[in-house]
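S.K.: The following file, data21.tsv, comprises TSV, C-alpha atoms and all ligand atoms:
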chain	number	residue	atom	x	y	z
A	580	MET	CA	32.18	-12.28	17.85
A	581	ARG	CA	30.80	-13.34	14.49
A	582	ARG	CA	27.32	-12.45	15.70
A	583	ALA	CA	28.44	-8.99	16.70
A	584	VAL	CA	29.97	-8.44	13.26
A	585	ILE	CA	26.76	-9.52	11.54
A	586	LEU	CA	24.69	-7.33	13.81
A	587	GLY	CA	26.99	-4.41	13.09
A	588	LEU	CA	26.64	-5.04	9.38
A	589	LEU	CA	22.88	-5.24	9.66
A	590	ILE	CA	22.76	-1.94	11.49
A	591	ALA	CA	25.08	-0.35	8.92
A	592	VAL	CA	23.00	-1.64	6.00
A	593	GLY	CA	19.81	-0.62	7.76
A	594	SER	CA	20.99	2.94	8.29
A	595	LEU	CA	22.29	3.18	4.73
A	596	MET	CA	18.92	2.13	3.36
A	597	ALA	CA	17.03	4.45	5.63
A	598	ALA	CA	19.40	7.33	4.92
A	599	HIS	CA	18.76	6.78	1.24
A	600	ALA	CA	15.02	7.17	1.76
A	601	GLN	CA	14.80	9.98	4.27
A	602	PRO	CA	17.24	12.34	5.92
A	603	ALA	CA	16.08	11.95	9.56
A	604	ALA	CA	16.91	8.26	9.58
A	605	ASP	CA	19.08	7.95	12.64
A	606	ALA	CA	16.11	8.47	14.94
A	607	PRO	CA	15.40	5.25	16.87
A	608	LYS	CA	12.72	3.11	15.23
A	609	VAL	CA	10.20	2.57	17.99
A	610	VAL	CA	7.38	0.16	17.20
A	611	GLU	CA	4.40	0.57	19.51
A	612	VAL	CA	2.15	-2.43	20.08
A	613	GLU	CA	-1.56	-2.46	20.71
A	614	LYS	CA	-3.05	-5.85	21.57
A	615	VAL	CA	-6.48	-5.88	19.93
A	616	LYS	CA	-7.19	-9.59	20.52
A	617	ASP	CA	-5.11	-12.42	21.98
A	618	ASN	CA	-3.92	-13.25	18.43
A	619	LEU	CA	-4.14	-9.83	16.73
A	620	PHE	CA	-1.91	-6.83	17.30
A	621	VAL	CA	-1.51	-3.42	15.70
A	622	LEU	CA	2.05	-2.12	15.38
A	623	ARG	CA	2.26	1.66	15.11
A	624	GLY	CA	5.07	4.01	14.08
A	625	GLY	CA	7.22	4.26	10.96
A	626	GLY	CA	4.44	4.62	8.40
A	627	GLY	CA	1.11	2.86	7.98
A	628	ASN	CA	-0.44	0.73	10.69
A	629	THR	CA	0.77	-2.87	10.64
A	630	ALA	CA	-1.49	-5.76	11.70
A	631	VAL	CA	0.02	-8.95	13.16
A	632	PHE	CA	-2.26	-12.02	13.09
A	633	VAL	CA	-0.99	-15.09	14.91
A	634	THR	CA	-2.38	-18.35	13.49
A	635	ALA	CA	-1.77	-22.01	14.38
A	636	SER	CA	0.88	-22.37	11.68
A	637	GLY	CA	2.55	-18.97	11.75
A	638	VAL	CA	2.16	-15.22	11.60
A	639	THR	CA	0.41	-13.18	8.92
A	640	VAL	CA	1.51	-9.53	8.72
A	641	VAL	CA	-0.42	-6.75	6.99
A	642	ASP	CA	1.80	-3.89	5.73
A	643	ALA	CA	5.50	-3.33	6.39
A	644	LYS	CA	5.99	0.44	6.88
A	645	ASN	CA	8.76	2.77	5.65
A	646	PRO	CA	12.28	1.82	4.53
A	647	GLY	CA	14.26	0.38	7.43
A	648	TRP	CA	11.21	-0.67	9.44
A	649	GLY	CA	11.02	-4.30	8.32
A	650	LYS	CA	13.50	-5.52	10.91
A	651	PRO	CA	11.98	-3.51	13.79
A	652	ILE	CA	8.62	-5.10	12.87
A	653	LEU	CA	10.14	-8.60	12.83
A	654	ASP	CA	11.96	-7.96	16.13
A	655	LYS	CA	8.74	-6.81	17.76
A	656	ILE	CA	6.87	-9.88	16.50
A	657	LYS	CA	9.51	-12.08	18.17
A	658	GLU	CA	8.50	-10.51	21.48
A	659	LEU	CA	4.86	-11.41	20.82
A	660	THR	CA	5.13	-15.02	19.60
A	661	PRO	CA	7.79	-17.67	18.87
A	662	LYS	CA	5.97	-18.57	15.64
A	663	PRO	CA	7.58	-17.72	12.28
A	664	VAL	CA	6.21	-15.08	9.94
A	665	THR	CA	4.81	-16.98	6.97
A	666	THR	CA	2.69	-14.42	5.11
A	667	LEU	CA	2.86	-10.70	4.35
A	668	ILE	CA	-0.08	-8.86	2.81
A	669	ASN	CA	0.29	-5.31	1.48
A	670	THR	CA	-2.91	-3.25	1.33
A	671	HIS	CA	-1.51	-1.11	-1.52
A	672	THR	CA	1.68	0.06	-3.21
A	673	HIS	CA	2.77	3.07	-1.15
A	674	GLY	CA	6.27	3.25	0.30
A	675	ASP	CA	5.04	3.67	3.88
A	676	HIS	CA	3.25	0.29	3.57
A	677	VAL	CA	5.56	-1.86	1.42
A	678	SER	CA	9.16	-0.70	1.88
A	679	GLY	CA	9.82	-2.89	4.94
A	680	ASN	CA	9.01	-5.92	2.71
A	681	VAL	CA	12.61	-6.07	1.51
A	682	GLU	CA	13.80	-6.99	5.03
A	683	PHE	CA	11.45	-9.96	5.42
A	684	PRO	CA	12.89	-13.48	4.97
A	685	ALA	CA	12.60	-14.91	1.45
A	686	SER	CA	10.42	-17.73	2.83
A	687	VAL	CA	7.58	-15.27	3.55
A	688	GLU	CA	4.80	-15.34	0.96
A	689	VAL	CA	3.88	-11.79	-0.10
A	690	ILE	CA	0.29	-11.32	-1.32
A	691	VAL	CA	-1.26	-8.24	-2.94
A	692	GLN	CA	-4.07	-7.27	-5.31
A	693	GLU	CA	-2.88	-7.75	-8.89
A	694	ASN	CA	-2.82	-4.02	-9.76
A	695	THR	CA	-0.72	-3.40	-6.68
A	696	ARG	CA	1.88	-5.88	-7.86
A	697	ALA	CA	2.10	-3.99	-11.18
A	698	ASN	CA	2.51	-0.74	-9.21
A	699	MET	CA	5.17	-2.28	-6.93
A	700	GLU	CA	7.15	-3.45	-9.96
A	701	LYS	CA	7.69	0.23	-10.83
A	702	MET	CA	9.17	1.04	-7.40
A	703	PRO	CA	12.96	1.51	-7.20
A	704	ILE	CA	13.24	-0.08	-3.74
A	705	PHE	CA	12.41	-3.57	-5.06
A	706	LYS	CA	14.79	-3.22	-8.03
A	707	GLU	CA	17.53	-2.08	-5.63
A	708	HIS	CA	17.00	-5.22	-3.52
A	709	ASN	CA	16.92	-7.83	-6.31
A	710	ASN	CA	13.14	-8.08	-5.96
A	711	ALA	CA	13.31	-9.14	-2.30
A	712	GLY	CA	9.86	-8.69	-0.78
A	713	MET	CA	8.14	-8.42	-4.16
A	714	ALA	CA	4.65	-9.93	-4.20
A	715	LYS	CA	4.54	-13.41	-5.68
A	716	ARG	CA	0.89	-14.20	-5.14
A	717	THR	CA	-1.93	-11.93	-6.31
A	718	PHE	CA	-5.70	-11.86	-6.40
A	719	LYS	CA	-8.24	-9.97	-8.51
A	720	ASP	CA	-11.48	-9.61	-6.51
A	721	LYS	CA	-11.36	-12.06	-3.61
A	722	LEU	CA	-8.94	-14.48	-2.02
A	723	THR	CA	-9.31	-16.62	1.12
A	724	ILE	CA	-6.26	-17.96	2.92
A	725	GLY	CA	-6.43	-20.32	5.89
A	726	ARG	CA	-9.61	-21.60	7.48
A	727	GLY	CA	-11.60	-21.47	10.69
A	728	ALA	CA	-10.00	-19.29	13.35
A	729	ASP	CA	-7.04	-18.67	11.02
A	730	GLN	CA	-9.00	-17.51	7.98
A	731	VAL	CA	-8.09	-14.26	6.22
A	732	ASP	CA	-10.24	-12.87	3.40
A	733	LEU	CA	-8.86	-10.37	0.90
A	734	TYR	CA	-11.25	-8.22	-1.14
A	735	TYR	CA	-10.92	-5.71	-3.94
A	736	PHE	CA	-13.91	-3.52	-4.87
A	737	GLY	CA	-12.50	-0.99	-7.36
A	738	PRO	CA	-10.35	2.13	-7.48
A	739	GLY	CA	-10.05	4.59	-4.62
A	740	HIS	CA	-6.80	5.61	-2.94
A	741	THR	CA	-5.00	3.61	-5.68
A	742	ASN	CA	-6.22	1.00	-8.18
A	743	GLY	CA	-5.18	-1.89	-5.94
A	744	ASP	CA	-6.58	-1.23	-2.47
A	745	ALA	CA	-7.10	-4.52	-0.64
A	746	PHE	CA	-9.50	-4.86	2.29
A	747	VAL	CA	-8.06	-7.50	4.64
A	748	VAL	CA	-10.61	-9.26	6.87
A	749	PHE	CA	-10.06	-11.53	9.87
A	750	PRO	CA	-13.56	-13.06	9.92
A	751	ALA	CA	-13.23	-15.00	13.19
A	752	LEU	CA	-12.34	-11.74	14.96
A	753	HIS	CA	-14.82	-9.49	13.09
A	754	ILE	CA	-11.93	-7.14	12.31
A	755	MET	CA	-10.70	-5.61	9.03
A	756	HIS	CA	-7.56	-3.72	8.00
A	757	SER	CA	-8.69	-1.10	5.50
A	758	GLY	CA	-5.33	0.30	4.43
A	759	ASP	CA	-5.35	3.88	3.16
A	760	ILE	CA	-8.62	3.79	1.24
A	761	PHE	CA	-9.86	4.58	4.76
A	762	ALA	CA	-6.66	5.98	6.24
A	763	GLY	CA	-8.66	8.00	8.76
A	764	LYS	CA	-11.48	10.53	9.00
A	765	SER	CA	-10.04	13.06	6.60
A	766	VAL	CA	-10.03	14.11	2.95
A	767	PRO	CA	-8.62	11.10	1.09
A	768	LEU	CA	-5.30	11.00	-0.68
A	769	ILE	CA	-5.97	10.12	-4.32
A	770	ASP	CA	-2.94	8.69	-6.10
A	771	SER	CA	-3.90	9.19	-9.73
A	772	ALA	CA	-0.49	8.00	-10.96
A	773	ASN	CA	-1.27	4.62	-9.36
A	774	GLY	CA	-4.85	4.51	-10.59
A	775	GLY	CA	-6.60	6.15	-7.63
A	776	SER	CA	-9.99	7.75	-8.30
A	777	MET	CA	-11.67	10.69	-6.59
A	778	SER	CA	-14.88	10.08	-8.52
A	779	ARG	CA	-15.10	6.41	-7.51
A	780	ILE	CA	-13.67	6.16	-3.99
A	781	SER	CA	-17.09	6.66	-2.38
A	782	ASP	CA	-18.65	3.83	-4.41
A	783	THR	CA	-15.74	1.53	-3.70
A	784	LEU	CA	-16.03	2.18	0.04
A	785	MET	CA	-19.79	1.52	-0.07
A	786	LYS	CA	-19.26	-1.72	-2.00
A	787	ALA	CA	-16.91	-2.83	0.77
A	788	HIS	CA	-19.40	-1.80	3.41
A	789	ASN	CA	-22.23	-3.69	1.72
A	790	GLY	CA	-20.20	-6.64	0.44
A	791	ILE	CA	-18.29	-7.64	3.56
A	792	LYS	CA	-20.27	-9.17	6.41
A	793	ASN	CA	-19.79	-9.45	10.18
A	794	VAL	CA	-17.03	-6.92	10.75
A	795	ASP	CA	-17.36	-4.47	13.63
A	796	THR	CA	-13.85	-3.06	14.02
A	797	ILE	CA	-11.56	-1.43	11.45
A	798	ILE	CA	-7.81	-0.97	11.67
A	799	ASN	CA	-7.30	2.10	9.49
A	800	GLY	CA	-4.21	2.95	7.45
A	801	HIS	CA	-3.00	5.71	9.74
A	802	THR	CA	-5.19	6.29	12.80
A	803	PRO	CA	-4.05	5.92	16.43
A	804	ALA	CA	-7.25	4.00	17.28
A	805	GLN	CA	-9.67	1.68	15.50
A	806	THR	CA	-12.94	2.80	13.87
A	807	THR	CA	-16.29	1.03	13.42
A	808	TRP	CA	-18.25	-0.48	10.55
A	809	ALA	CA	-20.66	2.48	10.76
A	810	ASP	CA	-17.66	4.78	10.32
A	811	LEU	CA	-16.91	3.09	7.00
A	812	ARG	CA	-20.39	3.86	5.74
A	813	GLU	CA	-20.08	7.44	6.95
A	814	TYR	CA	-16.68	7.77	5.25
A	815	SER	CA	-18.21	6.67	1.96
A	816	GLU	CA	-20.90	9.34	2.42
A	817	PHE	CA	-18.28	11.94	3.32
A	818	ASN	CA	-16.52	11.24	0.03
A	819	ARG	CA	-19.76	11.28	-1.93
A	820	ASP	CA	-20.60	14.70	-0.45
A	821	LEU	CA	-17.04	15.92	-1.06
A	822	VAL	CA	-17.24	15.02	-4.76
A	823	ALA	CA	-20.69	16.60	-5.07
A	824	TRP	CA	-19.32	19.80	-3.51
A	825	MET	CA	-16.34	19.81	-5.90
A	826	ARG	CA	-18.57	19.26	-8.92
A	827	ALA	CA	-21.00	22.03	-7.89
A	828	GLY	CA	-18.13	24.45	-7.31
A	829	LEU	CA	-16.47	23.70	-10.63
A	830	LYS	CA	-19.82	24.01	-12.41
A	831	SER	CA	-20.29	27.46	-10.89
A	832	GLY	CA	-17.04	28.52	-12.58
A	833	LYS	CA	-14.66	28.43	-9.63
A	834	THR	CA	-11.08	27.28	-10.11
A	835	PRO	CA	-9.69	24.38	-8.08
A	836	GLU	CA	-7.59	26.94	-6.16
A	837	GLN	CA	-10.62	29.08	-5.27
A	838	LEU	CA	-12.60	26.03	-4.23
A	839	ALA	CA	-9.78	24.59	-2.17
A	840	ALA	CA	-9.50	27.87	-0.24
A	841	GLU	CA	-13.20	27.66	0.63
A	842	TRP	CA	-13.26	24.07	1.80
A	843	LYS	CA	-14.21	23.24	5.35
A	844	VAL	CA	-15.47	20.08	7.04
A	845	PRO	CA	-19.26	19.91	6.64
A	846	GLU	CA	-21.06	20.23	9.96
A	847	LYS	CA	-22.51	16.71	9.82
A	848	TYR	CA	-19.02	15.18	9.77
A	849	LYS	CA	-18.02	16.03	13.31
A	850	GLY	CA	-14.59	14.81	14.33
A	851	TYR	CA	-13.22	14.79	10.79
A	852	SER	CA	-9.83	16.42	10.29
A	853	SER	CA	-9.86	19.91	8.80
A	854	THR	CA	-6.26	19.40	7.68
A	855	VAL	CA	-5.80	18.15	4.13
A	856	SER	CA	-2.58	16.25	3.46
A	857	THR	CA	-0.32	18.36	1.24
A	858	LEU	CA	0.85	15.24	-0.60
A	859	MET	CA	-0.17	15.07	-4.24
A	860	GLY	CA	-1.22	18.70	-4.45
A	861	GLY	CA	-3.41	19.00	-1.35
A	862	MET	CA	-7.08	19.82	-1.91
A	863	VAL	CA	-6.26	21.43	-5.29
A	864	GLY	CA	-4.75	18.10	-6.35
A	865	ARG	CA	-7.87	16.22	-5.28
A	866	ILE	CA	-10.09	18.55	-7.30
A	867	GLN	CA	-7.80	18.30	-10.33
A	868	SER	CA	-7.94	14.52	-10.08
A	869	LEU	CA	-11.71	14.70	-10.33
A	870	GLN	CA	-11.46	17.08	-13.31
A	871	ASN	CA	-9.02	14.79	-15.10
A	872	GLU	CA	-11.20	11.77	-14.50
A	873	SER	CA	-14.21	13.40	-16.18
A	874	LYS	CA	-12.22	14.39	-19.29
A	901	ZN	ZN	-1.19	5.08	0.83
Would you kindly transcribe this structure into structure tokens?
Ligand SMILES: [Zn+2]

M.R.:
Amino acid sequence: MRRAVILGLLIAVGSLMAAHAQPAADAPKVVEVEKVKDNLFVLRGGGGNTAVFVTASGVTVVDAKNPGWGKPILDKIKELTPKPVTTLINTHTHGDHVSGNVEFPASVEVIVQENTRANMEKMPIFKEHNNAGMAKRTFKDKLTIGRGADQVDLYYFGPGHTNGDAFVVFPALHIMHSGDIFAGKSVPLIDSANGGSMSRISDTLMKAHNGIKNVDTIINGHTPAQTTWADLREYSEFNRDLVAWMRAGLKSGKTPEQLAAEWKVPEKYKGYSSTVSTLMGGMVGRIQSLQNESK
């Protein structure tokens, strides 16, 4: 009886929170699981891709999806392992990667790059939940947690999608979660308000490619399947070429609007999406970001 009441309350609170964030909230929250290794899973649905790493002492989670998805993540993890969640890493500040944090138990240690914590402190969702799920531990350039088979390495190489994009590496598995600095093979989303940089994202990606060793598989921020280490290099080159094309167009006197209308995926980048996310001004927004950065 008491359990049923609590469950009912949880569901009510959950739907209130979700309703607050997005109108289509009563849709069932289905978390899909891909087993990548015996101790590493990708959970899809409800925002950015979530990684679940099962170690000897507990579970490390990377990213917590949209509002209302924290509990569905935790429920799904219970189906995968009896071990408790001990650690939650957020790759960056966006709501589709950090909002589920507020539903994690207070015992879970939340770790982010230091700029990301500053960005998260500006987000209403954490204020509304008395700072539940707010990051307590931060790093600047590199942080190693655990050892041996359980080791996780966190890296920061500079601005890109935001100014706090963490690369999360599971060295024993040769796998990395890239977050949204490599969300997928498409024109990047540059969040200037959170320190993202169109002019620097290519360099940051190449620093990651050259600075991190022995990774062959990448869990991207938003793709339905993993990519390769060679894809990371190519994505850096794609962004370098994209910026060069923007600069040449602007120099020739075209407006961001004219340029954006002309953009198409260069032939050498087969398989890249021709659709540009309309968030943050679409392609025009990306070009304006570059303009603002060179002022
Ligand atoms: Zn993002």

S.K.: Using all atoms listed in the file, I'd like a table of the residues in region 621-681 of chain A that come within 10 Å of region 802-820 of chain A; for each, show the closest atom pair and its distance in Å rounded to one decimal, ordered by chain and ascending number, as a tab-separated table.

M.R.:
residue	atom	partner	partner_atom	distance
A:Val621	CA	A:Ala804	CA	9.5
A:Arg623	CA	A:Pro803	CA	7.7
A:Gly624	CA	A:Pro803	CA	9.6
A:Gly627	CA	A:Thr802	CA	8.6
A:Asn628	CA	A:Thr802	CA	7.6

S.K.: Could you list the protein, DNA and RNA residues that have any atom within 9 Å of ligand ZN 901 (chain A), counting only C-alpha atoms and all ligand atoms, and write them as a ChimeraX atom specification?

M.R.: /A:627,670-676,740-741,744,758-760,762,768-770,800

S.K.: I'd like to know which of A:Gly647, A:Ala697, A:Ser636, A:Lys792 is closest to Gly725 (chain A), using only C-alpha atoms.

M.R.: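 Smallest distance to Gly725 (chain A) is found for A:Ser636.
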
S.K.: Rounded to one decimal in Å, what is the spacing between CA of Gly739 (chain A) and CA of Gln870 (chain A)?

M.R.: 15.3 Å

S.K.: So, counting only C-alpha atoms, which residue among A:Ile780, A:Leu733, A:Leu752, A:Val677 is closest to Asn793 (chain A)?

M.R.: A:Leu752

S.K.: Give me the residues within 9 Å of Gly864 (chain A) as a PyMOL selection string, counting only C-alpha atoms and dropping any in the same chain fewer than 6 places off.

M.R.: chain A and resi 769+835+857-858

S.K.: Sorted by chain and rising residue number, list the residues of region 711-785 of chain A at most 7 Å from region 680-694 of chain A (counting only C-alpha atoms), each with its closest atom pair and distance in Å to one decimal, as a tab-separated table.

M.R.:
residue	atom	partner	partner_atom	distance
A:Ala711	CA	A:Val681	CA	4.9
A:Gly712	CA	A:Val681	CA	4.4
A:Met713	CA	A:Val689	CA	6.8
A:Ala714	CA	A:Val689	CA	4.6
A:Lys715	CA	A:Val689	CA	5.8
A:Arg716	CA	A:Ile690	CA	4.8
A:Thr717	CA	A:Glu693	CA	5.0
A:Phe718	CA	A:Gln692	CA	5.0
A:Lys719	CA	A:Glu693	CA	5.8
A:Asn742	CA	A:Asn694	CA	6.3
A:Gly743	CA	A:Asn694	CA	5.0
A:Ala745	CA	A:Gln692	CA	6.2

S.K.: Choose the residue, out of A:Asn618, A:Asn645, A:Ser873, A:Asn773, that has the smallest atom-to-atom separation from Leu659 (chain A); count all atoms listed in the file.

M.R.: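 Looking at the shortest contact to Leu659 (chain A), the residue is A:Asn618.
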
S.K.: Record the distance separating CA of Ile652 (chain A) and CA of Pro703 (chain A), expressed in Å with one decimal.

M.R.: 21.6 Å

S.K.: Can you measure CA of Thr660 (chain A) to CA of Thr639 (chain A) for me? One decimal in Å is fine.

M.R.: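 Rounded to one decimal, the two atoms are 11.8 Å apart.
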
S.K.: Can you work out which one of A:Lys874, A:Lys650, A:Arg726, A:His753 has the shortest atom-to-atom distance to Leu619 (chain A), counting all atoms listed in the file?

M.R.: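 Of the candidates, the smallest distance to Leu619 (chain A) is held by A:His753.
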
S.K.: For Lys786 (chain A), work out the shell of residues within 10 Å, counting only C-alpha atoms and skipping chain neighbours fewer than 3 positions away, then give it as a ChimeraX atom specification.

M.R.: /A:735-737,780-783,789-791,812,815

S.K.: Let me make sure I understand: among A:Met777, A:Ala827, A:Val822, A:Ile797, which one has the smallest atom-to-atom distance to Pro738 (chain A) if we use only C-alpha atoms?

M.R.: A:Met777

S.K.: Report as a list in words all protein, DNA and RNA residues lying within 9 Å of Ala751 (chain A), evaluated on only C-alpha atoms, omitting residues in the same chain fewer than 2 positions from it.

M.R.: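 Here the answer would be Gly727, Ala728, Asp729, Gln730, Val731, Val748, Phe749, His753 and Ile754 of chain A.
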
S.K.: Dump C-alpha atoms for the selected residues as a CSV table (one decimal), in the coordinates of the input?

M.R.:
chain,number,residue,atom,x,y,z
A,727,GLY,CA,-11.6,-21.5,10.7
A,728,ALA,CA,-10.0,-19.3,13.4
A,729,ASP,CA,-7.0,-18.7,11.0
A,730,GLN,CA,-9.0,-17.5,8.0
A,731,VAL,CA,-8.1,-14.3,6.2
A,748,VAL,CA,-10.6,-9.3,6.9
A,749,PHE,CA,-10.1,-11.5,9.9
A,753,HIS,CA,-14.8,-9.5,13.1
A,754,ILE,CA,-11.9,-7.1,12.3

S.K.: Point out the residue among A:His788, A:His801, A:Arg779, A:Lys701 with the least atom-to-atom distance to Ala823 (chain A), counting all atoms listed in the file.

M.R.: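 Using all atoms listed in the file, Ala823 (chain A) sits closest to A:Arg779.
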
S.K.: Using all atoms listed in the file, determine which residues lie at most 12 Å from Asn871 (chain A), disregarding the query and same-chain residues fewer than 3 positions distant; provide the list as a list in words.

M.R.: Ser771, Ala772, Gly774, Gly775, Ser776, Met777, Ser778, Pro835, Gly864, Arg865, Ile866, Gln867, Ser868 and Lys874 of chain A

S.K.: What's around Leu838 (chain A) at 9 Å? Count all atoms listed in the file, leave out sequence neighbours fewer than 6 positions away in its own chain, and write the answer as a list in words.

M.R.: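 Once the adjacent positions are removed, what remains is Met825, Gly828, Leu829, Met862, Val863 and Ile866 of chain A.
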